[in-house]
Amino acid sequence: KGYTVGHHLRAQQPAAGRGGARASQTVGYVAAFHDHAVLTNLNAFALGCRRANPDCDVRVVFTGAYSNPWAERMAAYKLWAEDGARVVAQHVDTQEAQLVFGRNGPPVCEDLEDVPGTNGGRSALCITAAEAAEAAALGTEGASVGCSVDMRAVAGESVLTSSLLHWEAGVSHFVHRALHGRFAVGEVWWKGVDAGAVGLAPTSNRVSWETTAAARRVMDDLLKDGDRIFCGRLRTNGGARLA
């Protein structure tokens with residue numbers, strides 16, 4: 001799922017940057033932990049993003065929790081104001097990052113002297129007018145991709161699409177095994193598109209039909225080819241070959 005939404009999001013990014021002098025190559029990603037589940041989805045997302053645009057730069061902020069609305073909001077502020085992202089994806093549970101980008105970035109502090117706790121300095125709750133003007137060069141309209149459920153229901157049409165987890169696929173597997181006396185404690189059921197465990201939500205009205213069709217073709221490829229996207233040379237972040 002991460003591979004498909006990464007491809008989909010980066011393909012649609014020029015539209016998300018309307019109103020700016022130049023489009024940002026940066027995509028933000030709000031992640032929970034440095035664990036295999038989060039990193040697998042993050043790596044798949046980055047691969048899909050770079051398939052659509054080799055210059056895609058995925059910037060990640062880890063929150064240290066699956067559900068911390070304040071930390072997710074602050075991560076989104078940083079990705080918008082400091083990293084220049086105009087689109088964001090996530091592997092966390094709340095809608096805060098989606099809302100920040102749907103509202104086109106963090107609020108502007110007109111006068112930091114009047115913001116409690118800042119002492120006239122940089123505030124985590126807003127950006128200065130100068131920072132806002134500088135950020136506008138990368139576009140003034142944000143967009144996002146949701147995680148696990150269709151997040152348009154809470155953040156609107158700025159959510160281009162969402163990856164979906166179909167829990168019913170896993171539940172029915174284990175219930176069926178239990179009913180037939182074959183339930184095994186500790187069984188790992190790690191399935192994907194082919195088993196109907198993950199999918200892609202409908203696209204928003206900001207997404208062109210060409211981009212939607214391209215994303216669906218990627219989903220079809222995953223159904224035919226499985227997880228071959230992870231095949232190839234294993235290298236470090238610095239480019240050194242490991243295997």
# chains A, B, ... in the order shown; residues from 1 in each chain; ligands from 1
call {"tool": "select_by_dssp", "arguments": {"residues": "range 9-179 of chain A", "states": "strand (DSSP E)", "output": "MDAnalysis selection string"}}
result
chainID A and resid 26:31 57:62 87:91 108:109 127:128 143:146 159:165
call {"tool": "select_by_dssp", "arguments": {"residues": "range 73-241 of chain A", "states": "alpha helix (DSSP H)", "output": "number ranges by chain"}}
result
A: 73-81, 96-102, 129-135, 152-155, 167-179, 209-225
call {"tool": "atom_distance", "arguments": {"atom1": "CA of Trp167 in chain A", "atom2": "CA of Gly199 in chain A"}}
result
11.0 Å
call {"tool": "closest_atom_pairs", "arguments": {"of": "range 125-154 of chain A", "to": "range 82-90 of chain A", "cutoff": "6 Å", "atoms": "only C-alpha atoms", "output": "CSV"}}
result
residue,atom,partner,partner_atom,distance
A:Gly142,CA,A:Arg86,CA,4.9
A:Ala143,CA,A:Val87,CA,4.7
A:Ser144,CA,A:Val88,CA,4.7
A:Val145,CA,A:Ala89,CA,4.9
call {"tool": "closest_residue", "arguments": {"among": "A:Ser162, A:Val61, A:Thr128, A:Arg206", "to": "Val108 in chain A", "atoms": "only C-alpha atoms"}}
result
A:Thr128
call {"tool": "closest_atom_pairs", "arguments": {"of": "range 95-199 of chain A", "to": "range 208-225 of chain A", "cutoff": "12 Å", "atoms": "only C-alpha atoms", "output": "Markdown table"}}
result
| residue | atom | partner | partner_atom | distance |
| --- | --- | --- | --- | --- |
| A:Leu160 | CA | A:Thr212 | CA | 9.8 |
| A:Thr161 | CA | A:Thr212 | CA | 9.5 |
| A:Ser162 | CA | A:Ala215 | CA | 11.8 |
| A:Ser163 | CA | A:Met219 | CA | 11.4 |
| A:Lys191 | CA | A:Leu223 | CA | 11.8 |
| A:Gly192 | CA | A:Leu223 | CA | 8.9 |
| A:Val193 | CA | A:Leu223 | CA | 6.2 |
| A:Asp194 | CA | A:Leu223 | CA | 5.3 |
| A:Ala195 | CA | A:Leu223 | CA | 9.1 |
| A:Gly196 | CA | A:Leu223 | CA | 9.8 |
| A:Ala197 | CA | A:Leu223 | CA | 11.9 |
| A:Val198 | CA | A:Met219 | CA | 10.4 |
| A:Gly199 | CA | A:Met219 | CA | 8.3 |
call {"tool": "closest_atom_pairs", "arguments": {"of": "range 94-194 of chain A", "to": "range 63-80 of chain A", "cutoff": "12 Å", "atoms": "only C-alpha atoms", "output": "CSV"}}
result
residue,atom,partner,partner_atom,distance
A:Thr94,CA,A:Ser67,CA,6.1
A:Gln95,CA,A:Pro69,CA,7.8
A:Glu96,CA,A:Arg73,CA,5.2
A:Ala97,CA,A:Ala76,CA,5.2
A:Gln98,CA,A:Ala76,CA,8.3
A:Leu99,CA,A:Arg73,CA,8.5
A:Val100,CA,A:Ala76,CA,6.5
A:Phe101,CA,A:Ala76,CA,7.4
A:Gly102,CA,A:Ala76,CA,10.8
A:Arg103,CA,A:Tyr77,CA,11.1
A:Asn104,CA,A:Trp80,CA,8.6
A:Gly105,CA,A:Trp80,CA,6.0
A:Pro106,CA,A:Tyr77,CA,5.5
A:Pro107,CA,A:Tyr77,CA,9.0
A:Val108,CA,A:Tyr77,CA,11.1
A:Ser123,CA,A:Met74,CA,10.7
A:Ala124,CA,A:Met74,CA,7.0
A:Leu125,CA,A:Met74,CA,7.6
A:Cys126,CA,A:Tyr77,CA,8.0
A:Ile127,CA,A:Tyr77,CA,8.6
A:Glu131,CA,A:Trp80,CA,10.5
A:Ala132,CA,A:Trp80,CA,9.8
A:Glu134,CA,A:Trp80,CA,11.2
A:Ala135,CA,A:Trp80,CA,7.7
A:Ala136,CA,A:Trp80,CA,10.1
A:Ala137,CA,A:Trp80,CA,11.9
A:Leu138,CA,A:Trp80,CA,9.6
A:Gly139,CA,A:Trp80,CA,10.2
A:Thr140,CA,A:Trp80,CA,10.0
A:Glu141,CA,A:Trp80,CA,10.6
A:Gly142,CA,A:Trp80,CA,8.7
A:Ala143,CA,A:Trp80,CA,10.9
A:Ser144,CA,A:Ala76,CA,10.7
A:Cys147,CA,A:Tyr66,CA,11.6
call {"tool": "write_last_selection", "arguments": {"atoms": "C-alpha atoms", "output": "short mmCIF file (atom, residue, chain, number, x, y, z; two decimals), in the first residue's frame"}}
result
data_model
loop_
_atom_site.label_atom_id
_atom_site.label_comp_id
_atom_site.auth_asym_id
_atom_site.auth_seq_id
_atom_site.Cartn_x
_atom_site.Cartn_y
_atom_site.Cartn_z
CA THR A 94 -4.63 10.77 14.31
CA GLN A 95 -5.61 13.27 11.63
CA GLU A 96 -3.47 16.19 12.84
CA ALA A 97 -0.94 16.20 9.99
CA GLN A 98 -3.78 15.92 7.47
CA LEU A 99 -5.52 18.91 9.04
CA VAL A 100 -2.38 21.07 9.10
CA PHE A 101 -1.71 20.54 5.41
CA GLY A 102 -5.41 20.83 4.60
CA ARG A 103 -5.34 24.28 6.23
CA ASN A 104 -2.27 25.18 4.17
CA GLY A 105 0.31 25.10 6.91
CA PRO A 106 0.72 26.43 10.43
CA PRO A 107 -0.92 29.68 11.55
CA VAL A 108 1.02 32.93 11.39
CA SER A 123 7.05 29.72 18.79
CA ALA A 124 6.23 26.06 18.20
CA LEU A 125 2.58 27.03 17.76
CA CYS A 126 2.91 29.36 14.78
CA ILE A 127 5.32 30.84 12.25
CA GLU A 131 8.64 32.67 7.49
CA ALA A 132 5.19 32.44 5.91
CA GLU A 134 9.38 32.57 2.46
CA ALA A 135 7.40 29.34 2.63
CA ALA A 136 4.91 30.67 0.07
CA ALA A 137 7.62 30.43 -2.60
CA LEU A 138 7.12 26.64 -2.48
CA GLY A 139 3.36 26.89 -2.84
CA THR A 140 0.50 27.90 -0.62
CA GLU A 141 -1.79 24.88 -1.03
CA GLY A 142 -1.21 21.68 0.92
CA ALA A 143 -2.28 18.12 0.29
CA SER A 144 -1.91 14.78 2.02
CA CYS A 147 -3.29 6.12 6.66
#
call {"tool": "closest_residue", "arguments": {"among": "A:Val27, A:Val207, A:Leu179, A:Ala184", "to": "Val159 in chain A", "atoms": "only C-alpha atoms"}}
result
A:Val207
call {"tool": "closest_residue", "arguments": {"among": "A:Ala201, A:Ala240, A:Leu234, A:Leu39", "to": "Leu165 in chain A", "atoms": "only C-alpha atoms"}}
result
A:Ala201
